[in-house]
Structures are given as structure tokens and as C-alpha cells.
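Take a look at the structure set out below.
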Amino acid sequence: MGEQIPEGKEENVNNLSFDNRIPLEDLKNAVEAVKAELAKVIIGQQNFIELLIVSLLVDGHVLIEGVPGIAKTITAKLFAKTLKTDFSRIQFTPDLMPSDILGTSIFNVKSSEFEFKKGPIFSNIILIDEINRAPAKTQAAMFETMEERQVTMDGITYPMDEPFIVLATQNPIEQEGTYALPEAQLDRFLFKIKVDYPSLDEEVKIIQTHHERKGSKAQTLIKDVLTPKQLIDFKSKIQDVIVEEKIIKYIADIITKTRNHPHLYLGGSPRASIATLNASKAFAAINGRDFVVPEDIKRALVPVLNHRVILTPEREMEGMTSESVINMIIESVEIPR
């Protein structure tokens with residue numbers, strides 16, 4: 001089906017008429033329902049919200065970066081409320097210890113045995129506020145949990161319940177008292193989403209909406225519209241989305257180019273290729289298509305690579321950004337026909 005799309009017309013692919021081999025109507029409707037609920041409170045941020053939905057559908061963790069006060073935390077909290085799942089928020093601080101997150105063994109006097117008391121990480125959607133404020137030891141405690149979706153304590157492994165997704169925020173401006181996330185941990189995040197200031201029109205609407213709420217809490221306006229059972233069904237459908245060989249090569253060409261680009265000190269790993277593939281399948285599915293087109297790949301590449309590539313010191317001093325280099329690479333690779 002992808003071969004019938006003329007070059008340069010990928011952006012119109014969602015307007016084409018075609019018969020899907022996978023029933024995607026329920027998935028598309030559920031995504032629209034989540035967006036509609038969040039629109040009751042969150043003004044703008046459509047890109048942010050769509051990336052959160054995609055990350056949930058492909059079991060990917062998200063790093064959210066932006067200055068304070070632009071609704072990073074509230075968007076993540078309200079997004080969790082649209083799902084009929086458990087939610088946990090952890091505020092990272094310099095004195096936070098691994099046991100404060102994972103849990104600890106406590107001696108039970110009655111049974112004369114140690115019992116494991118689970119920490120706040122044992123939930124479905126975890127919001128970690130200011131992840132770069134905790135020391136390296138605490139950040140390292142997250143490695144196994146994020147990658148393996150389990151916690152090992154005293155030789156016993158405790159699996160996490162599905163779904164399990166970590167949404168972590170960080171402030172790019174204030175660096176005092178923060179600990180930079182190591183590359184190995186950054187690579188565990190599917191996306192790095194950079195949240196910008198709203199436009200003037202959006203700012204006016206934000207103020208107006210807040211005024212009209214008359215002090216009522218945002219959380220009370222949001223209903224859950226998606227169940228874990230539906231989520232499992234949608235995830236299996238996304239796995240069946242068709243990806244042609246030329247599309248796979250297109251992903252590989254772009255990721256490989258990041259590894260030998262003169263402006264980059266570090267390029268994307270094979271994990272970046274797989275993350276791009278998974279995200280592009282989800283983008284196709286939520287747009288009602290059971291096949292991936294190059295536009296889905298382009299849509300996924302910047303948030304997938306943002307935190308995985310490192311600029312050379314010279315380019316960084318010149319004020320160049322990782323996004324500009326990624327877009328430069330995308331433009332240099334021929335789109336498959």
C-alpha cells in the first residue's frame with residue numbers, strides 16, 4: 001500500500017481512502033477521547049500530548065524538558081488520570097535514597113521474618129519530578145526498573161504490573177544542585193520531549209480558562225476513558241502494523257548517518273533504530289493506517305534522537321542544536337518511493 005503514495009505526498013496520506021487489514025477504529029477513537037479530555041484543561045501542547053499517547057502504546061518512558069510553569073507536571077498528571085490505572089508521583093531531591101523509591105525490607109516481629117514493603121515505583125504510571133536533582137546512586141536504582149520492568153531486592157525479583165511507564169521532568173535552566181543523567185540512563189527513555197512556551201493566543205486562552213474554572217481543581221474535570229484491557233488490545237494491534245523493507249532501510253540509513261556526521265560527537269545506537277520503528281508504527285495506527293509511511297518516521301526521529309546524540313564541542317559553542325542536526329540528516333537521506 002505504501003508504494004502507491006507518490007513522492008512528496010506523504011503528508012496527504014491520512015486523507016486517502018483505503019481498506020485496513022487491522023481494525024483500528026477503536027484505537028483512533030480512544031486516542032481522540034484522551035485528547036478531548038486533556039483539552040478541557042490543557043491549552044495547546046498537542047505535540048506533547050500525542051507523544052505521551054504514543055509512548056504509552058509502545059511501553060516507552062518519556063523525559064520531559066522545559067522551564068518551570070509551562071504545565072509539564074500537570075499535563076503528565078492529567079494524562080495519567082485519563083487511564084484507569086494507578087498513578088504515583090515521586091519528587092526527586094538531593095537526599096533521596098534508592099530505598100525511598102524501590103522500597104525496603106522491614107522485620108516483622110510477629111512472623112520473625114523480613115517483609116518487603118514496596119516503594120512508590122510500584123505503580124502503573126510514575127511521574128518523577130526533577131529527575132536530575134537526585135544523586136547518581138538513586139538514578140542508577142532506576143536502571144533495572146525502567147529497562148527490565150522489575151525490581152530485585154534481597155535476591156527476590158518483583159515484576160512491575162502492566163502498563164508501566166515513567167514520565168520524568170527536568171528543568172534545563174537551573175543547574176545548581178542537579179546531577180546530569182548518564183547517557184546509559186538517557187538511552188532508556190523512548191522520547192525526550194522539549195516543551196516550549198505557549199503562543200500569545202494560547203496564553204490568553206490559558207488565563208481565560210483558569211478564570212472560568214473559578215478555583216475548581218483541574219483533576220476533577222478529567223475522566224478516565226481508557227482501561228488496561230483496551231490498552232493491551234491496542235498494543236497488540238500496533239505490533240501488526242505493516243513495515244516494508246524499504247522503510248526499515250530508511251530508518252537504518254538515518255540512524256547510521258548520525259554515527260559518522262561531522263557535527264555529532266555521539267550518534268544513535270541500535271536502540272534508537274528500534275525506538276523509531278516502534279514509535280512510527282504507533283503514529284501510523286493512531287492516524288488510522290495499518291502501514292508505516294516515511295512521514296511517520298520523520299515524526300518520530302527528533303524526540304527519539306534528541307537525547308541520544310551529542311553535538312561536537314565546536315558546534316555546541318556555535319549555538320547549533322541537536323534538533324537542527326537531526327533535521328539536516330533527515331533532509332539528506334532520500335525518501336523511499
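Residues are referred to by chain and number: the chain letter is A, B, ... according to the order shown in the C-alpha cells, the number counts from 1 in that chain, and ligands are numbered separately from 1 in the order shown.
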Counting only C-alpha atoms, what are the residues of segment 77-111 of chain A within 10 Å of segment 139-145 of chain A, and for each of them which pair of atoms is the nearest and at what distance in Å, to one decimal? Sort the table by chain and rising number, as a Markdown table.
| residue | atom | partner | partner_atom | distance |
| --- | --- | --- | --- | --- |
| A:Phe92 | CA | A:Gln139 | CA | 9.5 |
| A:Leu96 | CA | A:Gln139 | CA | 9.7 |
| A:Met97 | CA | A:Ala141 | CA | 9.0 |
| A:Pro98 | CA | A:Ala141 | CA | 5.8 |
| A:Ser99 | CA | A:Ala141 | CA | 8.8 |
| A:Ile101 | CA | A:Ala141 | CA | 8.4 |
| A:Leu102 | CA | A:Ala141 | CA | 7.8 |
Sorted by chain and rising residue number, which residues of segment 15-71 of chain A lie within 9 Å of segment 286-290 of chain A, and what are their closest atom pairs and distances in Å to one decimal, counting only C-alpha atoms, as a tab-separated table?
residue	atom	partner	partner_atom	distance
A:Phe18	CA	A:Arg289	CA	8.6
A:Asp19	CA	A:Arg289	CA	8.9
A:Asn20	CA	A:Asp290	CA	5.9
A:Arg21	CA	A:Asp290	CA	6.7
A:Ile22	CA	A:Asp290	CA	6.1
A:Pro23	CA	A:Asp290	CA	8.4
A:Leu24	CA	A:Gly288	CA	5.8
A:Glu25	CA	A:Gly288	CA	6.7
A:Leu27	CA	A:Ile286	CA	6.5
A:Lys28	CA	A:Ile286	CA	5.0
A:Asn29	CA	A:Ile286	CA	8.7
A:Val31	CA	A:Ile286	CA	6.8
A:Glu32	CA	A:Ile286	CA	8.9
A:Val54	CA	A:Ile286	CA	8.3
### Task
Run DSSP on the backbone and grab whatever in segment 128-182 of chain A lands in strand (DSSP E); send it over as a PyMOL selection string.
chain A and resi 128-129+150-153+156-159+165-170
Next, the residues of the selection above should be written as a JSON list (two decimals), in the first residue's frame with N, CA and C atoms.
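Output saved as out.json:
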[["chain", "number", "residue", "atom", "x", "y", "z"],
["A", 128, "ILE", "N", 8.07, 11.31, 37.76],
["A", 128, "ILE", "CA", 9.25, 11.70, 38.55],
["A", 128, "ILE", "C", 9.52, 13.17, 38.25],
["A", 129, "ASP", "N", 9.32, 13.99, 39.27],
["A", 129, "ASP", "CA", 9.54, 15.42, 39.12],
["A", 129, "ASP", "C", 11.01, 15.75, 39.37],
["A", 150, "GLN", "N", 11.23, -4.56, 36.42],
["A", 150, "GLN", "CA", 11.24, -5.39, 37.63],
["A", 150, "GLN", "C", 12.17, -4.76, 38.66],
["A", 151, "VAL", "N", 12.00, -5.16, 39.91],
["A", 151, "VAL", "CA", 12.87, -4.71, 40.99],
["A", 151, "VAL", "C", 13.41, -5.95, 41.69],
["A", 152, "THR", "N", 14.73, -6.02, 41.87],
["A", 152, "THR", "CA", 15.33, -7.15, 42.60],
["A", 152, "THR", "C", 15.81, -6.65, 43.95],
["A", 153, "MET", "N", 15.28, -7.26, 45.00],
["A", 153, "MET", "CA", 15.61, -6.85, 46.36],
["A", 153, "MET", "C", 15.85, -8.10, 47.21],
["A", 156, "ILE", "N", 15.30, -11.45, 45.57],
["A", 156, "ILE", "CA", 13.95, -11.76, 45.06],
["A", 156, "ILE", "C", 13.56, -10.72, 44.02],
["A", 157, "THR", "N", 13.02, -11.20, 42.89],
["A", 157, "THR", "CA", 12.62, -10.31, 41.81],
["A", 157, "THR", "C", 11.12, -10.05, 41.89],
["A", 158, "TYR", "N", 10.76, -8.77, 41.84],
["A", 158, "TYR", "CA", 9.35, -8.36, 41.87],
["A", 158, "TYR", "C", 9.01, -7.70, 40.53],
["A", 159, "PRO", "N", 8.20, -8.35, 39.69],
["A", 159, "PRO", "CA", 7.84, -7.76, 38.40],
["A", 159, "PRO", "C", 6.87, -6.59, 38.57],
["A", 165, "ILE", "N", 5.03, 2.83, 32.92],
["A", 165, "ILE", "CA", 5.69, 3.89, 32.15],
["A", 165, "ILE", "C", 6.16, 4.99, 33.10],
["A", 166, "VAL", "N", 7.38, 5.44, 32.88],
["A", 166, "VAL", "CA", 7.97, 6.52, 33.69],
["A", 166, "VAL", "C", 7.94, 7.81, 32.88],
["A", 167, "LEU", "N", 7.34, 8.84, 33.48],
["A", 167, "LEU", "CA", 7.35, 10.18, 32.89],
["A", 167, "LEU", "C", 8.22, 11.04, 33.80],
["A", 168, "ALA", "N", 9.37, 11.47, 33.32],
["A", 168, "ALA", "CA", 10.31, 12.22, 34.16],
["A", 168, "ALA", "C", 10.47, 13.64, 33.63],
["A", 169, "THR", "N", 10.44, 14.62, 34.53],
["A", 169, "THR", "CA", 10.63, 16.01, 34.11],
["A", 169, "THR", "C", 12.00, 16.51, 34.55],
["A", 170, "GLN", "N", 12.52, 17.47, 33.80],
["A", 170, "GLN", "CA", 13.74, 18.15, 34.24],
["A", 170, "GLN", "C", 13.74, 19.58, 33.72]]
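Among the residues of segment 100-186 of chain A, backbone DSSP assigns helix (DSSP H, G or I) to Asp100, Ile101, Leu102, Ile131, Asn132, Arg133, Ala136, Lys137, Thr138, Gln139, Ala140, Met142, Phe143, Glu144, Thr145, Met146, Glu147, Glu148, Glu183, Ala184, Gln185 and Leu186 of chain A.
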### Task
Name all residues at most 8 Å from segment 220-232 of chain A (count only C-alpha atoms; drop same-chain ones fewer than 6 positions away) and give them as a VMD selection string.
chain A and resid 30 33 to 34 37 to 38 40 to 41 57 78 81 to 85 162 to 163
### Message
Could you list, as number ranges by chain, every residue within 10 Å of segment 187-191 of chain A, counting only C-alpha atoms and ignoring same-chain residues fewer than 5 positions away?
### Response
A: 51-52, 54-55, 58-64, 142-144, 146-147, 165-168, 181-182, 268-269, 271-272, 274-276, 278-279, 300-309
Go ahead and write the selection's residues with N, CA and C atoms as a short mmCIF file (atom, residue, chain, number, x, y, z; two decimals), in the first residue's frame.
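Final output, out-v4.cif:
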data_model
loop_
_atom_site.label_atom_id
_atom_site.label_comp_id
_atom_site.auth_asym_id
_atom_site.auth_seq_id
_atom_site.Cartn_x
_atom_site.Cartn_y
_atom_site.Cartn_z
N LEU A 51 2.73 12.66 21.75
CA LEU A 51 3.94 11.88 22.05
C LEU A 51 3.75 11.05 23.33
N LEU A 52 3.03 11.60 24.31
CA LEU A 52 2.74 10.85 25.53
C LEU A 52 1.87 9.62 25.20
N VAL A 54 1.64 8.03 22.29
CA VAL A 54 2.46 7.07 21.54
C VAL A 54 3.37 6.30 22.49
N SER A 55 3.99 6.99 23.43
CA SER A 55 4.89 6.31 24.38
C SER A 55 4.14 5.27 25.20
N VAL A 58 3.50 2.07 23.13
CA VAL A 58 4.66 1.22 22.80
C VAL A 58 5.52 0.94 24.05
N ASP A 59 4.96 1.19 25.25
CA ASP A 59 5.68 0.92 26.50
C ASP A 59 7.00 1.66 26.60
N GLY A 60 6.99 2.93 26.25
CA GLY A 60 8.23 3.70 26.29
C GLY A 60 8.20 4.77 27.37
N HIS A 61 9.33 4.98 28.04
CA HIS A 61 9.44 6.03 29.06
C HIS A 61 9.72 7.37 28.38
N VAL A 62 9.36 8.46 29.06
CA VAL A 62 9.48 9.79 28.46
C VAL A 62 10.21 10.74 29.40
N LEU A 63 11.17 11.48 28.83
CA LEU A 63 11.85 12.56 29.54
C LEU A 63 11.27 13.88 29.03
N ILE A 64 10.73 14.68 29.95
CA ILE A 64 10.06 15.93 29.58
C ILE A 64 10.92 17.09 30.06
N MET A 142 17.12 3.22 39.22
CA MET A 142 16.02 3.20 38.25
C MET A 142 16.33 2.34 37.03
N PHE A 143 17.62 2.03 36.81
CA PHE A 143 18.04 1.34 35.58
C PHE A 143 17.27 0.05 35.34
N GLU A 144 17.35 -0.86 36.32
CA GLU A 144 16.71 -2.17 36.16
C GLU A 144 15.20 -2.02 36.02
N MET A 146 13.40 0.50 34.84
CA MET A 146 12.99 1.07 33.56
C MET A 146 13.21 0.10 32.40
N GLU A 147 14.33 -0.61 32.42
CA GLU A 147 14.68 -1.49 31.30
C GLU A 147 14.01 -2.86 31.42
N ILE A 165 5.03 2.83 32.92
CA ILE A 165 5.69 3.89 32.15
C ILE A 165 6.16 4.99 33.10
N VAL A 166 7.38 5.44 32.88
CA VAL A 166 7.97 6.52 33.69
C VAL A 166 7.94 7.81 32.88
N LEU A 167 7.34 8.84 33.48
CA LEU A 167 7.35 10.18 32.89
C LEU A 167 8.22 11.04 33.80
N ALA A 168 9.37 11.47 33.32
CA ALA A 168 10.31 12.22 34.16
C ALA A 168 10.47 13.64 33.63
N LEU A 181 22.02 13.37 33.99
CA LEU A 181 21.70 11.96 33.78
C LEU A 181 22.77 11.32 32.89
N PRO A 182 23.28 10.14 33.26
CA PRO A 182 24.28 9.47 32.43
C PRO A 182 23.65 9.02 31.10
N GLY A 268 23.24 7.82 17.21
CA GLY A 268 22.20 6.95 17.74
C GLY A 268 22.63 5.49 17.75
N SER A 269 22.20 4.74 18.75
CA SER A 269 22.50 3.32 18.87
C SER A 269 21.41 2.50 18.18
N ARG A 271 19.35 0.80 19.63
CA ARG A 271 18.14 1.01 20.42
C ARG A 271 17.34 2.19 19.86
N ALA A 272 18.04 3.19 19.30
CA ALA A 272 17.37 4.33 18.67
C ALA A 272 16.61 3.90 17.42
N ILE A 274 15.30 0.90 16.88
CA ILE A 274 14.13 0.14 17.31
C ILE A 274 13.06 1.08 17.87
N ALA A 275 13.50 2.10 18.63
CA ALA A 275 12.56 3.08 19.18
C ALA A 275 11.85 3.83 18.06
N THR A 276 12.59 4.18 17.00
CA THR A 276 11.99 4.87 15.85
C THR A 276 10.96 3.99 15.16
N ASN A 278 9.23 1.41 16.48
CA ASN A 278 8.06 1.23 17.34
C ASN A 278 7.17 2.48 17.36
N ALA A 279 7.81 3.64 17.49
CA ALA A 279 7.05 4.90 17.54
C ALA A 279 6.33 5.16 16.23
N ALA A 300 8.80 10.67 14.29
CA ALA A 300 9.38 10.03 15.48
C ALA A 300 10.84 10.42 15.72
N LEU A 301 11.57 10.77 14.68
CA LEU A 301 13.02 10.87 14.78
C LEU A 301 13.55 11.92 15.77
N VAL A 302 12.98 13.14 15.76
CA VAL A 302 13.53 14.18 16.64
C VAL A 302 13.36 13.82 18.12
N PRO A 303 12.15 13.46 18.59
CA PRO A 303 12.04 13.08 20.02
C PRO A 303 12.80 11.82 20.38
N VAL A 304 13.01 10.90 19.42
CA VAL A 304 13.77 9.67 19.69
C VAL A 304 15.26 9.97 19.80
N LEU A 305 15.77 10.85 18.94
CA LEU A 305 17.22 11.11 18.88
C LEU A 305 17.68 12.28 19.75
N ASN A 306 16.76 13.13 20.15
CA ASN A 306 17.09 14.36 20.88
C ASN A 306 18.09 14.15 22.01
N HIS A 307 17.91 13.09 22.79
CA HIS A 307 18.73 12.83 23.96
C HIS A 307 19.79 11.76 23.70
N ARG A 308 19.81 11.23 22.48
CA ARG A 308 20.74 10.14 22.17
C ARG A 308 21.96 10.61 21.36
N VAL A 309 21.87 11.78 20.78
CA VAL A 309 23.01 12.31 20.03
C VAL A 309 23.65 13.44 20.82
#
### Task
Please provide the set of residues having any atom within 8 Å of Phe164 of chain A, restricted to only C-alpha atoms, with same-chain residues fewer than 6 positions apart removed, written as a list in words.
Asp59, Ser123, Asn124, Ile125, Ile126 and Arg149 of chain A
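Residues with any atom within 12 Å of Ile206 of chain A, counting only C-alpha atoms and excluding same-chain neighbours fewer than 5 positions away, are A:Ala39, A:Lys40, A:Val41, A:Ile42, A:Ile43, A:Gly44, A:Gln45, A:Ile70, A:Ala71, A:Tyr197, A:Pro198, A:Ser199, A:Leu200, A:Asp201, A:His211, A:Glu212, A:Arg213.
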Got time to write the residues from that selection, all heavy atoms, as a compact mmCIF listing (two decimals), in the first residue's frame?
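Contents of out33.txt, freshly written:
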# COMPACT_ATOMS: atom_id res chain seq x y z
N ALA A 39 -7.96 18.33 26.65
CA ALA A 39 -8.25 19.66 26.09
C ALA A 39 -9.16 20.48 27.00
O ALA A 39 -9.24 21.71 26.86
CB ALA A 39 -8.88 19.52 24.71
N LYS A 40 -9.83 19.81 27.95
CA LYS A 40 -10.68 20.53 28.91
C LYS A 40 -9.84 21.46 29.79
O LYS A 40 -10.34 22.47 30.29
CB LYS A 40 -11.43 19.54 29.82
CG LYS A 40 -12.48 18.69 29.11
CD LYS A 40 -13.08 17.70 30.10
CE LYS A 40 -14.10 16.79 29.45
NZ LYS A 40 -14.62 15.77 30.41
N VAL A 41 -8.58 21.08 29.99
CA VAL A 41 -7.71 21.84 30.90
C VAL A 41 -6.46 22.36 30.20
O VAL A 41 -6.06 23.51 30.37
CB VAL A 41 -7.30 20.97 32.12
CG1 VAL A 41 -6.34 21.73 33.02
CG2 VAL A 41 -8.52 20.51 32.88
N ILE A 42 -5.82 21.48 29.41
CA ILE A 42 -4.54 21.83 28.77
C ILE A 42 -4.79 22.55 27.45
O ILE A 42 -5.45 22.02 26.55
CB ILE A 42 -3.69 20.56 28.53
CG1 ILE A 42 -3.52 19.77 29.83
CG2 ILE A 42 -2.34 20.94 27.94
CD1 ILE A 42 -2.83 20.52 30.95
N ILE A 43 -4.25 23.74 27.34
CA ILE A 43 -4.39 24.54 26.12
C ILE A 43 -3.13 24.37 25.27
O ILE A 43 -2.01 24.52 25.75
CB ILE A 43 -4.57 26.05 26.45
CG1 ILE A 43 -5.70 26.24 27.46
CG2 ILE A 43 -4.81 26.85 25.18
CD1 ILE A 43 -7.06 25.72 27.03
N GLY A 44 -3.33 24.03 23.99
CA GLY A 44 -2.17 23.78 23.11
C GLY A 44 -1.51 22.46 23.48
O GLY A 44 -2.17 21.51 23.89
N GLN A 45 -0.19 22.40 23.34
CA GLN A 45 0.61 21.21 23.70
C GLN A 45 0.15 19.94 22.98
O GLN A 45 0.33 18.83 23.49
CB GLN A 45 0.56 20.94 25.23
CG GLN A 45 0.90 22.12 26.11
CD GLN A 45 2.37 22.50 26.06
OE1 GLN A 45 3.09 22.12 25.15
NE2 GLN A 45 2.82 23.30 27.02
N ILE A 70 5.21 25.66 32.73
CA ILE A 70 4.60 25.51 31.41
C ILE A 70 3.77 24.22 31.31
O ILE A 70 3.58 23.67 30.23
CB ILE A 70 5.65 25.57 30.28
CG1 ILE A 70 6.78 24.57 30.52
CG2 ILE A 70 6.20 26.97 30.12
CD1 ILE A 70 7.76 24.48 29.37
N ALA A 71 3.30 23.75 32.46
CA ALA A 71 2.34 22.64 32.54
C ALA A 71 2.92 21.27 32.24
O ALA A 71 2.19 20.37 31.83
CB ALA A 71 1.12 22.91 31.65
N TYR A 197 7.25 27.52 25.51
CA TYR A 197 6.23 28.47 25.97
C TYR A 197 5.03 28.46 25.01
O TYR A 197 5.19 28.20 23.82
CB TYR A 197 6.80 29.89 25.99
CG TYR A 197 7.76 30.16 27.13
CD1 TYR A 197 9.09 30.47 26.87
CD2 TYR A 197 7.32 30.16 28.45
CE1 TYR A 197 9.98 30.75 27.91
CE2 TYR A 197 8.20 30.44 29.50
CZ TYR A 197 9.52 30.73 29.22
OH TYR A 197 10.38 30.99 30.25
N PRO A 198 3.83 28.75 25.52
CA PRO A 198 2.67 28.84 24.62
C PRO A 198 2.74 30.09 23.76
O PRO A 198 3.47 31.04 24.08
CB PRO A 198 1.48 28.91 25.60
CG PRO A 198 2.05 29.48 26.86
CD PRO A 198 3.48 28.99 26.93
N SER A 199 1.96 30.09 22.67
CA SER A 199 1.85 31.29 21.82
C SER A 199 1.01 32.34 22.54
O SER A 199 0.40 32.06 23.58
CB SER A 199 1.20 30.93 20.49
OG SER A 199 -0.15 30.53 20.70
N LEU A 200 0.93 33.54 21.99
CA LEU A 200 0.14 34.62 22.60
C LEU A 200 -1.33 34.22 22.72
O LEU A 200 -1.95 34.40 23.78
CB LEU A 200 0.28 35.91 21.77
CG LEU A 200 -0.56 37.11 22.24
CD1 LEU A 200 -0.21 37.51 23.67
CD2 LEU A 200 -0.40 38.29 21.30
N ASP A 201 -1.90 33.67 21.63
CA ASP A 201 -3.31 33.27 21.66
C ASP A 201 -3.55 32.18 22.71
O ASP A 201 -4.57 32.19 23.41
CB ASP A 201 -3.75 32.75 20.28
CG ASP A 201 -3.83 33.87 19.25
OD1 ASP A 201 -3.89 35.05 19.67
OD2 ASP A 201 -3.82 33.58 18.04
N HIS A 211 -9.56 31.48 34.75
CA HIS A 211 -10.53 32.41 35.33
C HIS A 211 -11.92 31.76 35.39
O HIS A 211 -12.64 31.87 36.41
CB HIS A 211 -10.57 33.70 34.51
CG HIS A 211 -11.69 34.62 34.89
ND1 HIS A 211 -11.77 35.23 36.12
CD2 HIS A 211 -12.78 35.04 34.18
CE1 HIS A 211 -12.86 35.97 36.17
NE2 HIS A 211 -13.49 35.87 35.00
N GLU A 212 -12.30 31.08 34.31
CA GLU A 212 -13.64 30.48 34.22
C GLU A 212 -13.80 29.27 35.14
O GLU A 212 -14.92 28.92 35.51
CB GLU A 212 -13.94 30.09 32.77
CG GLU A 212 -14.16 31.30 31.87
CD GLU A 212 -14.21 30.94 30.40
OE1 GLU A 212 -14.02 29.75 30.07
OE2 GLU A 212 -14.42 31.85 29.58
N ARG A 213 -12.69 28.61 35.51
CA ARG A 213 -12.78 27.45 36.41
C ARG A 213 -13.15 27.85 37.83
O ARG A 213 -13.62 27.03 38.61
CB ARG A 213 -11.43 26.69 36.44
CG ARG A 213 -11.24 25.77 35.27
CD ARG A 213 -10.43 24.54 35.65
NE ARG A 213 -9.18 24.81 36.31
CZ ARG A 213 -8.02 24.97 35.70
NH1 ARG A 213 -7.96 24.90 34.38
NH2 ARG A 213 -6.92 25.21 36.37
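Picture a line from atom CA of Val333 of chain A to atom CA of Lys237 of chain A; it runs 29.5 Å.
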### Query
Taking only C-alpha atoms into account, which of A:Gly66, A:Pro270, A:Lys137, A:Asp26 comes nearest Thr256 of chain A?
A:Pro270
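Atom CA of Gln185 of chain A is positioned 28.4 Å from atom CA of Ala285 of chain A.
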### Message
Using only C-alpha atoms, can you tell me which of A:Leu264, A:Glu65, A:Ala218, A:Ile310 comes closest to Lys77 of chain A?
### Response
A:Ala218
#### Entry: Long-range neighbours of Ile106 of chain A as a ChimeraX atom specification, 7 Å cut-off, only C-alpha atoms, 5 positions minimum in chain
/A:114-117
Can you write just those residues out, N, CA and C atoms, as a PDB file, in the first residue's frame?
ATOM      1  N   PHE A 114      11.694 -11.024  57.570  1.00  0.00           N
ATOM      2  CA  PHE A 114      11.737  -9.724  56.901  1.00  0.00           C
ATOM      3  C   PHE A 114      10.665  -9.677  55.805  1.00  0.00           C
ATOM      4  N   GLU A 115       9.949  -8.576  55.734  1.00  0.00           N
ATOM      5  CA  GLU A 115       8.926  -8.384  54.698  1.00  0.00           C
ATOM      6  C   GLU A 115       9.318  -7.197  53.827  1.00  0.00           C
ATOM      7  N   PHE A 116       9.100  -7.362  52.536  1.00  0.00           N
ATOM      8  CA  PHE A 116       9.442  -6.282  51.606  1.00  0.00           C
ATOM      9  C   PHE A 116       8.260  -5.318  51.476  1.00  0.00           C
ATOM     10  N   LYS A 117       8.486  -4.073  51.838  1.00  0.00           N
ATOM     11  CA  LYS A 117       7.480  -3.028  51.691  1.00  0.00           C
ATOM     12  C   LYS A 117       7.766  -2.275  50.394  1.00  0.00           C
TER      13      LYS A 117
END
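Each of A:Ile173, A:Val243, A:Ile329, A:Val195 was checked against Thr75 of chain A using only C-alpha atoms; the smallest atom-to-atom distance is that of A:Val195.
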